[in-house]
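Colleague: My structure is in start_30.cif, and what it holds is mmCIF, C-alpha atoms:
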```
data_work
#
loop_
_atom_site.group_PDB
_atom_site.id
_atom_site.type_symbol
_atom_site.label_atom_id
_atom_site.label_comp_id
_atom_site.auth_asym_id
_atom_site.auth_seq_id
_atom_site.Cartn_x
_atom_site.Cartn_y
_atom_site.Cartn_z
ATOM 1 C CA MET A 1 -21.018 46.348 -36.272
ATOM 2 C CA LEU A 2 -19.091 48.396 -38.828
ATOM 3 C CA SER A 3 -18.893 51.379 -36.478
ATOM 4 C CA LEU A 4 -17.528 49.134 -33.695
ATOM 5 C CA LEU A 5 -14.852 47.779 -36.054
ATOM 6 C CA CYS A 6 -13.897 51.316 -37.034
ATOM 7 C CA LEU A 7 -13.611 52.249 -33.363
ATOM 8 C CA ILE A 8 -11.376 49.253 -32.647
ATOM 9 C CA LEU A 9 -9.128 50.005 -35.625
ATOM 10 C CA ALA A 10 -8.899 53.646 -34.593
ATOM 11 C CA HIS A 11 -7.441 52.602 -31.243
ATOM 12 C CA GLN A 12 -4.875 50.208 -32.688
ATOM 13 C CA PRO A 13 -1.396 51.468 -31.735
ATOM 14 C CA ASP A 14 0.580 52.857 -34.655
ATOM 15 C CA PRO A 15 3.699 50.690 -35.214
ATOM 16 C CA LEU A 16 5.866 53.716 -35.941
ATOM 17 C CA GLU A 17 4.806 55.452 -32.736
ATOM 18 C CA LEU A 18 5.330 52.210 -30.798
ATOM 19 C CA ALA A 19 8.894 52.040 -32.078
ATOM 20 C CA CYS A 20 9.555 55.694 -31.211
ATOM 21 C CA ASP A 21 8.020 55.316 -27.752
ATOM 22 C CA THR A 22 10.157 52.237 -27.075
ATOM 23 C CA VAL A 23 13.330 54.080 -28.055
ATOM 24 C CA ASP A 24 12.363 57.038 -25.843
ATOM 25 C CA GLN A 25 11.523 54.772 -22.896
ATOM 26 C CA ILE A 26 14.893 53.038 -23.170
ATOM 27 C CA ARG A 27 16.664 56.399 -23.252
ATOM 28 C CA ALA A 28 14.608 57.659 -20.297
ATOM 29 C CA LEU A 29 15.745 54.666 -18.216
ATOM 30 C CA HIS A 30 19.292 55.881 -18.774
ATOM 31 C CA GLY A 31 18.499 59.484 -17.873
ATOM 32 C CA LEU A 32 18.519 60.678 -21.491
ATOM 33 C CA PRO A 33 16.004 62.928 -23.269
ATOM 34 C CA ALA A 34 13.701 61.714 -26.026
ATOM 35 C CA ILE A 35 15.034 61.621 -29.566
ATOM 36 C CA VAL A 36 14.382 64.609 -31.812
ATOM 37 C CA ARG A 37 12.664 63.299 -34.931
ATOM 38 C CA ASP A 38 14.346 64.567 -38.088
ATOM 39 C CA LEU A 39 12.200 64.519 -41.244
ATOM 40 C CA SER A 40 15.141 63.695 -43.509
ATOM 41 C CA LEU A 41 16.323 60.821 -41.302
ATOM 42 C CA ASP A 42 12.709 59.631 -40.965
ATOM 43 C CA SER A 43 12.446 59.497 -44.759
ATOM 44 C CA ALA A 44 15.681 57.535 -45.162
ATOM 45 C CA ALA A 45 14.753 55.162 -42.334
ATOM 46 C CA GLN A 46 11.291 54.469 -43.758
ATOM 47 C CA GLY A 47 12.782 53.762 -47.164
ATOM 48 C CA GLN A 48 15.127 51.172 -45.676
ATOM 49 C CA ALA A 49 12.320 49.559 -43.652
ATOM 50 C CA ASP A 50 10.179 49.339 -46.799
ATOM 51 C CA TYR A 51 13.062 47.729 -48.688
ATOM 52 C CA MET A 52 13.679 45.135 -45.972
ATOM 53 C CA ALA A 53 9.996 44.259 -45.611
ATOM 54 C CA ALA A 54 9.494 43.942 -49.375
ATOM 55 C CA ASN A 55 12.401 41.503 -49.613
ATOM 56 C CA LYS A 56 12.110 39.845 -46.181
ATOM 57 C CA LEU A 57 15.706 40.547 -45.201
ATOM 58 C CA VAL A 58 17.746 42.663 -42.791
ATOM 59 C CA SER A 59 20.640 44.400 -44.496
ATOM 60 C CA HIS A 60 22.553 47.687 -44.359
ATOM 61 C CA THR A 61 22.993 47.647 -48.143
ATOM 62 C CA GLN A 62 20.430 47.548 -50.931
ATOM 63 C CA ASP A 63 20.499 45.451 -54.078
ATOM 64 C CA PRO A 64 19.321 47.716 -56.941
ATOM 65 C CA LYS A 65 17.691 44.702 -58.607
ATOM 66 C CA LEU A 66 15.299 44.124 -55.696
ATOM 67 C CA PRO A 67 11.927 45.816 -55.065
ATOM 68 C CA LYS A 68 11.876 49.147 -53.189
ATOM 69 C CA ALA A 69 15.628 49.657 -53.691
ATOM 70 C CA THR A 70 16.868 53.254 -53.816
ATOM 71 C CA LYS A 71 20.625 53.555 -53.200
ATOM 72 C CA ALA A 72 22.994 50.757 -52.153
ATOM 73 C CA LYS A 73 24.887 52.653 -49.426
ATOM 74 C CA LEU A 74 23.572 54.299 -46.269
ATOM 75 C CA GLU A 75 25.472 57.532 -46.821
ATOM 76 C CA ASP A 76 23.876 57.957 -50.250
ATOM 77 C CA ARG A 77 20.358 57.224 -48.972
ATOM 78 C CA VAL A 78 20.747 59.712 -46.126
ATOM 79 C CA LYS A 79 22.232 62.378 -48.399
ATOM 80 C CA ASP A 80 19.414 61.953 -50.927
ATOM 81 C CA ALA A 81 16.913 62.385 -48.091
ATOM 82 C CA GLY A 82 18.506 65.749 -47.238
ATOM 83 C CA TYR A 83 20.559 64.947 -44.102
ATOM 84 C CA ASP A 84 24.201 66.009 -43.903
ATOM 85 C CA GLY A 85 26.132 64.563 -40.986
ATOM 86 C CA PRO A 86 27.430 61.368 -39.351
ATOM 87 C CA THR A 87 24.717 58.721 -39.048
ATOM 88 C CA TRP A 88 24.415 55.318 -37.365
ATOM 89 C CA GLU A 89 21.972 52.822 -38.867
ATOM 90 C CA LEU A 90 20.401 50.155 -36.611
ATOM 91 C CA LEU A 91 18.262 47.408 -38.129
ATOM 92 C CA GLY A 92 16.152 44.629 -36.697
ATOM 93 C CA TYR A 93 13.187 42.330 -37.105
ATOM 94 C CA SER A 94 11.066 40.265 -34.739
ATOM 95 C CA SER A 95 8.094 38.203 -35.847
ATOM 96 C CA SER A 96 6.326 38.962 -32.549
ATOM 97 C CA SER A 97 6.094 42.766 -32.416
ATOM 98 C CA VAL A 98 7.669 46.095 -33.268
ATOM 99 C CA VAL A 99 8.555 46.577 -29.600
ATOM 100 C CA ASP A 100 10.442 43.266 -29.571
ATOM 101 C CA SER A 101 12.266 44.348 -32.735
ATOM 102 C CA VAL A 102 13.515 47.519 -31.002
ATOM 103 C CA VAL A 103 14.424 45.681 -27.777
ATOM 104 C CA ALA A 104 16.383 43.088 -29.763
ATOM 105 C CA ILE A 105 18.309 45.865 -31.520
ATOM 106 C CA PHE A 106 19.149 47.471 -28.162
ATOM 107 C CA ALA A 107 20.452 44.178 -26.704
ATOM 108 C CA SER A 108 23.474 44.247 -29.009
ATOM 109 C CA PRO A 109 26.289 46.311 -27.425
ATOM 110 C CA TYR A 110 27.257 47.692 -30.834
ATOM 111 C CA HIS A 111 23.742 49.018 -31.371
ATOM 112 C CA ARG A 112 23.241 50.101 -27.769
ATOM 113 C CA THR A 113 25.942 52.748 -27.997
ATOM 114 C CA ALA A 114 23.793 54.672 -30.498
ATOM 115 C CA PHE A 115 20.732 54.472 -28.213
ATOM 116 C CA LEU A 116 22.918 55.989 -25.471
ATOM 117 C CA THR A 117 23.948 59.041 -27.502
ATOM 118 C CA PRO A 118 23.829 61.977 -25.051
ATOM 119 C CA GLY A 119 21.731 65.081 -25.491
ATOM 120 C CA GLU A 120 18.802 65.775 -27.767
ATOM 121 C CA VAL A 121 20.072 63.610 -30.600
ATOM 122 C CA ARG A 122 18.430 63.825 -33.998
ATOM 123 C CA ALA A 123 17.053 60.508 -35.192
ATOM 124 C CA GLY A 124 14.850 58.890 -37.796
ATOM 125 C CA VAL A 125 12.564 55.882 -37.424
ATOM 126 C CA GLY A 126 11.119 53.619 -40.097
ATOM 127 C CA VAL A 127 8.800 50.615 -39.606
ATOM 128 C CA ARG A 128 7.186 48.172 -41.996
ATOM 129 C CA SER A 129 5.760 44.792 -40.933
ATOM 130 C CA ASN A 130 7.969 44.649 -37.811
ATOM 131 C CA TYR A 131 11.093 45.480 -39.838
ATOM 132 C CA VAL A 132 12.653 48.441 -38.038
ATOM 133 C CA CYS A 133 15.278 50.941 -39.160
ATOM 134 C CA LEU A 134 16.648 53.460 -36.663
ATOM 135 C CA LEU A 135 18.981 56.256 -37.774
ATOM 136 C CA PHE A 136 20.880 58.238 -35.122
ATOM 137 C CA GLY A 137 22.835 61.410 -35.686
ATOM 138 C CA GLU A 138 25.885 62.377 -33.645
ATOM 139 C CA GLY A 139 25.649 63.880 -30.154
ATOM 140 C CA PRO A 140 28.012 65.401 -27.567
ATOM 141 C CA LYS A 141 30.736 63.171 -26.125
ATOM 142 C CA ASN A 142 31.224 64.629 -22.633
ATOM 143 C CA GLN A 143 28.728 62.523 -20.652
ATOM 144 C CA ILE A 144 29.405 59.143 -19.056
ATOM 145 C CA ILE A 145 26.445 56.802 -19.558
ATOM 146 C CA LEU A 146 26.153 53.298 -18.123
ATOM 147 C CA SER A 147 23.929 50.470 -19.325
ATOM 148 C CA PRO A 148 22.301 48.749 -17.553
ATOM 149 C CA PRO A 149 21.924 51.908 -15.427
ATOM 150 C CA ASP A 150 22.393 52.015 -11.666
ATOM 151 C CA ARG A 151 19.715 50.058 -9.723
ATOM 152 C CA ALA A 152 18.084 48.796 -12.905
ATOM 153 C CA ALA A 153 15.882 45.732 -12.340
ATOM 154 C CA ALA A 154 14.711 42.749 -14.396
ATOM 155 C CA ILE A 155 17.754 42.830 -16.653
ATOM 156 C CA PRO A 156 17.882 39.834 -19.053
ATOM 157 C CA VAL A 157 20.380 37.136 -18.099
ATOM 158 C CA ASN A 158 21.664 36.247 -21.547
ATOM 159 C CA TRP A 159 22.497 37.490 -25.014
ATOM 160 C CA LEU A 160 22.898 35.250 -28.061
ATOM 161 C CA GLY A 161 25.729 37.235 -29.625
ATOM 162 C CA GLY A 162 25.942 38.285 -33.237
ATOM 163 C CA SER A 163 25.962 41.813 -34.708
ATOM 164 C CA GLY A 164 29.688 41.533 -35.415
ATOM 165 C CA PHE A 165 30.656 40.362 -31.927
ATOM 166 C CA GLU A 166 33.551 37.896 -31.910
ATOM 167 C CA PRO A 167 33.523 35.087 -30.948
ATOM 168 C CA ALA A 168 30.060 34.999 -32.525
ATOM 169 C CA LYS A 169 28.620 31.882 -30.870
ATOM 170 C CA GLY A 170 26.603 32.403 -27.655
ATOM 171 C CA PRO A 171 24.802 32.436 -25.394
ATOM 172 C CA TYR A 172 26.624 35.025 -23.307
ATOM 173 C CA GLY A 173 25.595 37.052 -20.310
ATOM 174 C CA TYR A 174 23.751 40.311 -20.956
ATOM 175 C CA PRO A 175 26.335 42.931 -22.070
ATOM 176 C CA VAL A 176 27.344 45.927 -19.978
ATOM 177 C CA VAL A 177 28.057 49.070 -22.017
ATOM 178 C CA ALA A 178 29.664 52.360 -20.998
ATOM 179 C CA ARG A 179 29.943 55.575 -22.969
ATOM 180 C CA LEU A 180 33.189 56.951 -21.573
ATOM 181 C CA GLY A 181 32.430 60.678 -21.700
ATOM 182 C CA ALA A 182 35.585 61.671 -23.573
ATOM 183 C CA PRO A 183 36.845 61.546 -27.167
ATOM 184 C CA GLU A 184 38.851 58.411 -27.931
ATOM 185 C CA GLU A 185 42.039 60.425 -28.495
ATOM 186 C CA MET A 186 41.895 61.700 -24.873
ATOM 187 C CA LEU A 187 41.545 58.261 -23.275
ATOM 188 C CA ASP A 188 44.551 56.456 -21.827
ATOM 189 C CA SER A 189 42.808 53.409 -20.335
ATOM 190 C CA ALA A 190 39.369 52.163 -19.362
ATOM 191 C CA THR A 191 38.127 48.951 -17.804
ATOM 192 C CA ILE A 192 34.965 47.408 -16.380
ATOM 193 C CA THR A 193 34.705 44.738 -13.703
ATOM 194 C CA LEU A 194 31.604 42.747 -12.783
ATOM 195 C CA ALA A 195 30.923 40.681 -9.668
ATOM 196 C CA ARG A 196 28.144 38.687 -7.992
ATOM 197 C CA GLN A 197 28.288 38.127 -4.232
ATOM 198 C CA SER A 198 31.879 39.438 -4.288
ATOM 199 C CA GLN A 199 32.866 36.800 -6.857
ATOM 200 C CA PRO A 200 34.357 38.206 -10.087
ATOM 201 C CA ILE A 201 32.528 37.393 -13.321
ATOM 202 C CA ASP A 202 34.596 36.291 -16.301
ATOM 203 C CA ILE A 203 33.987 38.866 -19.033
ATOM 204 C CA ILE A 204 35.146 39.732 -22.538
ATOM 205 C CA ILE A 205 36.210 43.386 -22.800
ATOM 206 C CA GLN A 206 36.013 45.332 -26.053
ATOM 207 C CA ARG A 207 37.180 48.924 -26.338
ATOM 208 C CA GLY A 208 36.250 51.340 -29.087
ATOM 209 C CA SER A 209 38.820 52.276 -31.721
ATOM 210 C CA ASP A 210 39.260 55.385 -33.824
ATOM 211 C CA SER A 211 36.090 54.619 -35.770
ATOM 212 C CA GLY A 212 32.977 52.516 -35.621
ATOM 213 C CA MET A 213 30.040 52.337 -33.245
ATOM 214 C CA LEU A 214 32.215 51.552 -30.207
ATOM 215 C CA LYS A 215 34.282 54.715 -30.553
ATOM 216 C CA GLY A 216 34.574 56.261 -27.090
ATOM 217 C CA CYS A 217 32.813 53.253 -25.558
ATOM 218 C CA LEU A 218 33.644 50.150 -23.545
ATOM 219 C CA VAL A 219 31.779 46.835 -23.664
ATOM 220 C CA ALA A 220 31.912 43.995 -21.134
ATOM 221 C CA VAL A 221 30.260 40.738 -22.171
ATOM 222 C CA PRO A 222 30.023 37.956 -19.550
ATOM 223 C CA ARG A 223 31.256 34.660 -21.009
ATOM 224 C CA ALA A 224 28.276 32.789 -19.546
ATOM 225 C CA PRO A 225 24.641 33.765 -18.904
ATOM 226 C CA LEU A 226 24.014 35.653 -15.684
ATOM 227 C CA LYS A 227 22.094 34.144 -12.777
ATOM 228 C CA LYS A 228 18.418 34.966 -12.430
ATOM 229 C CA ASN A 229 17.121 36.984 -9.465
ATOM 230 C CA SER A 230 20.619 38.187 -8.623
ATOM 231 C CA THR A 231 22.346 41.492 -7.943
ATOM 232 C CA TYR A 232 25.509 42.334 -9.861
ATOM 233 C CA ASN A 233 28.032 44.990 -8.896
ATOM 234 C CA ALA A 234 29.882 46.763 -11.672
ATOM 235 C CA SER A 235 32.787 49.192 -11.629
ATOM 236 C CA LEU A 236 34.090 51.453 -14.377
ATOM 237 C CA SER A 237 37.601 52.942 -14.156
ATOM 238 C CA ILE A 238 38.725 55.605 -16.631
ATOM 239 C CA ARG A 239 42.104 57.296 -16.956
ATOM 240 C CA LEU A 240 42.754 60.174 -19.345
ATOM 241 C CA LYS A 241 46.086 60.947 -20.989
ATOM 242 C CA SER A 242 46.125 64.145 -18.952
ATOM 243 C CA GLY A 243 46.450 62.016 -15.797
ATOM 244 C CA GLN A 244 42.902 62.540 -14.549
ATOM 245 C CA SER A 245 41.064 59.421 -13.449
ATOM 246 C CA ARG A 246 37.592 58.451 -12.294
ATOM 247 C CA THR A 247 35.922 55.332 -10.907
ATOM 248 C CA ILE A 248 32.169 54.746 -10.888
ATOM 249 C CA ASP A 249 30.513 51.886 -9.001
ATOM 250 C CA TRP A 250 26.946 50.793 -9.655
ATOM 251 C CA SER A 251 24.684 47.753 -9.495
ATOM 252 C CA PHE A 252 21.755 46.124 -11.273
ATOM 253 C CA SER A 253 19.569 43.074 -10.725
ATOM 254 C CA THR A 254 18.452 40.387 -13.145
ATOM 255 C CA GLU A 255 15.038 39.049 -14.068
ATOM 256 C CA HIS A 256 13.243 36.442 -11.915
#
```
Represent the structure from my file as structure tokens, please.
Modeller:
Amino acid sequence: MLSLLCLILAHQPDPLELACDTVDQIRALHGLPAIVRDLSLDSAAQGQADYMAANKLVSHTQDPKLPKATKAKLEDRVKDAGYDGPTWELLGYSSSSVVDSVVAIFASPYHRTAFLTPGEVRAGVGVRSNYVCLLFGEGPKNQIILSPPDRAAAIPVNWLGGSGFEPAKGPYGYPVVARLGAPEEMLDSATITLARQSQPIDIIIQRGSDSGMLKGCLVAVPRAPLKKNSTYNASLSIRLKSGQSRTIDWSFSTEH
């Protein structure tokens, strides 16, 4: 009986590997390579996950009076871990599973832009009791990436909002996110349109500024949940200050 229990426990999936695999699968769906695990970012991410789990909270800052606290600010925690460079911190928790925690993080357009970082981006992953911390380094900016990707299926129909999105109260339709493939200072204009059966969908557009997670990105959030079992046609138009322009059309379908 004891040997059988040991065998079962040995085949239990490791939560950390589940989180990493989920991140890599999401990136693969968008034609991106797997993350490159960085030991320093892993260490900082695990420390933040431990802090959140110990105190049952999700926060980008640490209170030095609470258990497992190290440094209050992200930049100090990352520097102490030995990483020198720009870093995005994504946090989440789901009571159901680590996979659901990662998927919930990805649903937010502000977080999704980090998932869509082009190239072999360095990253760190920390997990404790379904509390997840993902740390992404910076990648190249010369690749246009669309999410949901072209011909993607079973896309969720709604998003509850939050994560700094204004107006905060949902539900909304599932966000469409585009990395624009050029530094913000080179962009003149960019827009996304969305339609179902040739009928335009009312959307909220947010464009990245000189800083923040939306830098060089465009977000389109439908004002109402999408329809199930439907195909949506999207179009991205970009114009650079140099006068060059590009339009990309693609489609995706929603869950049944």
Colleague: Would you mind reading off the distance between atom CA of Met213 of chain A and atom CA of Val98 of chain A, one decimal, in Å?
Modeller: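 Pair atom CA of Met213 of chain A / atom CA of Val98 of chain A returns 23.2 Å.
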Colleague: I'd like a table as a tab-separated table: residues in segment 128-186 of chain A with an atom no more than 12 Å from segment 196-208 of chain A, each row giving the shortest atom pair and its distance in Å to one decimal, all atoms listed in the file counted, sorted by chain and rising residue number.
Modeller:
```
residue	atom	partner	partner_atom	distance
A:Gly164	CA	A:Gln206	CA	11.9
A:Phe165	CA	A:Gln206	CA	9.4
A:Glu166	CA	A:Ile204	CA	9.7
A:Pro167	CA	A:Ile204	CA	9.7
A:Tyr172	CA	A:Ile203	CA	9.3
A:Gly173	CA	A:Ile203	CA	8.7
A:Tyr174	CA	A:Ile203	CA	10.5
A:Pro175	CA	A:Ile203	CA	9.2
A:Val176	CA	A:Ile205	CA	9.6
A:Val177	CA	A:Gln206	CA	9.7
A:Ala178	CA	A:Arg207	CA	9.8
A:Arg179	CA	A:Gly208	CA	9.8
A:Leu180	CA	A:Gly208	CA	9.9
A:Ala182	CA	A:Gly208	CA	11.7
A:Pro183	CA	A:Gly208	CA	10.4
A:Glu184	CA	A:Gly208	CA	7.6
A:Glu185	CA	A:Gly208	CA	10.8
```
Colleague: What is the distance between atom CA of Val157 of chain A and atom CA of Thr254 of chain A, in Å to one decimal?
Modeller: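 Atom CA of Thr254 of chain A lies at a distance of 6.2 Å from atom CA of Val157 of chain A.
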Colleague: Name the residues captured by the PyMOL selection byres ((chain A and resi 224) around 7) when it is applied to the shown file; answer as an NGL selection string.
Modeller: :A and (171-173 or 222-223 or 225-226)
Colleague: Please return, as number ranges by chain, all polymer residues that have at least one atom within 8 Å of the point (27.3, 45.6, -31.0); use all atoms listed in the file and the file's own coordinate frame.
Modeller: A: 108-113, 162-165, 213-214
Colleague: Can you check which parts of segment 125-223 of chain A lie within 10 Å of segment 58-69 of chain A? Per residue, the shortest pair of atoms and distance in Å to one decimal, counting all atoms listed in the file, sorted by chain and number, as a tab-separated table.
Modeller:
```
residue	atom	partner	partner_atom	distance
A:Tyr131	CA	A:Val58	CA	7.8
A:Val132	CA	A:Val58	CA	9.1
A:Cys133	CA	A:Val58	CA	9.4
```
Colleague: Evaluate the PyMOL selection byres ((chain A and resi 51) around 9) here and jot the selected residues down as a list in words.
Modeller: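 So the PyMOL selection byres ((chain A and resi 51) around 9) ends up selecting Gln46, Gly47, Gln48, Ala49, Asp50, Met52, Ala53, Ala54, Asn55, Lys56, Leu57, Gln62, Leu66, Pro67, Lys68, Ala69, Thr70 and Arg128 of chain A.
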Colleague: I would like the residues chosen by the PyMOL selection byres ((chain A and resi 83) around 9) on the shown file; could you give them as a PyMOL selection string?
Modeller: chain A and resi 38-41+44+78-82+84-85
Colleague: Kindly give the distance, in Å, that separates atom CA of Tyr93 of chain A and atom CA of Ser129 of chain A, rounded to a single decimal.
Modeller: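 A separation of 8.7 Å between them.
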Colleague: Of the candidates A:Gly139, A:Gly181, A:Gly124, A:Gly31, which one gets nearest to Ala45 of chain A if we count all atoms listed in the file?
Modeller: A:Gly124
Colleague: Using only C-alpha atoms, pick whichever of A:Asn130, A:Ala152, A:Met186, A:Asp249 has the shortest atom-to-atom distance to Ser94 of chain A.
Modeller: A:Asn130
Colleague: Sorted by chain and rising residue number, which residues of segment 58-176 of chain A lie within 8 Å of segment 23-29 of chain A, and what are their closest atom pairs and distances in Å to one decimal, counting only C-alpha atoms, as JSON lines?
Modeller:
```
{"residue": "A:Val102", "atom": "CA", "partner": "A:Val23", "partner_atom": "CA", "distance": 7.2}
{"residue": "A:Phe115", "atom": "CA", "partner": "A:Arg27", "partner_atom": "CA", "distance": 6.7}
{"residue": "A:Leu116", "atom": "CA", "partner": "A:Arg27", "partner_atom": "CA", "distance": 6.6}
{"residue": "A:Pro149", "atom": "CA", "partner": "A:Leu29", "partner_atom": "CA", "distance": 7.3}
```
Colleague: So, counting only C-alpha atoms, which residue among A:Asp150, A:Glu75, A:Asp100, A:Glu138 is closest to Ile35 of chain A?
Modeller: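 When distances to Ile35 of chain A are compared using only C-alpha atoms, the smallest one comes from A:Glu138.
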Colleague: Can you pull out every residue within 8 Å of Asp42 of chain A, counting only C-alpha atoms, but drop anything in the same chain fewer than 5 positions away, and send it as an MDAnalysis selection string?
Modeller: chainID A and resid 37 123:126 135
Colleague: For Ser101 of chain A, which of A:Val127, A:Ala154, A:Ile248, A:Leu74 is the closest residue, counting only C-alpha atoms?
Modeller: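 Among A:Val127, A:Ala154, A:Ile248, A:Leu74, it is A:Val127 that comes nearest to Ser101 of chain A.
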Colleague: For a quick check of understanding, using only C-alpha atoms, which of A:Ile155, A:Trp250, A:Trp88, A:Lys169 has the smallest distance to Ala195 of chain A?
Modeller: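 Of A:Ile155, A:Trp250, A:Trp88, A:Lys169, the one nearest Ala195 of chain A is A:Trp250, counting only C-alpha atoms.
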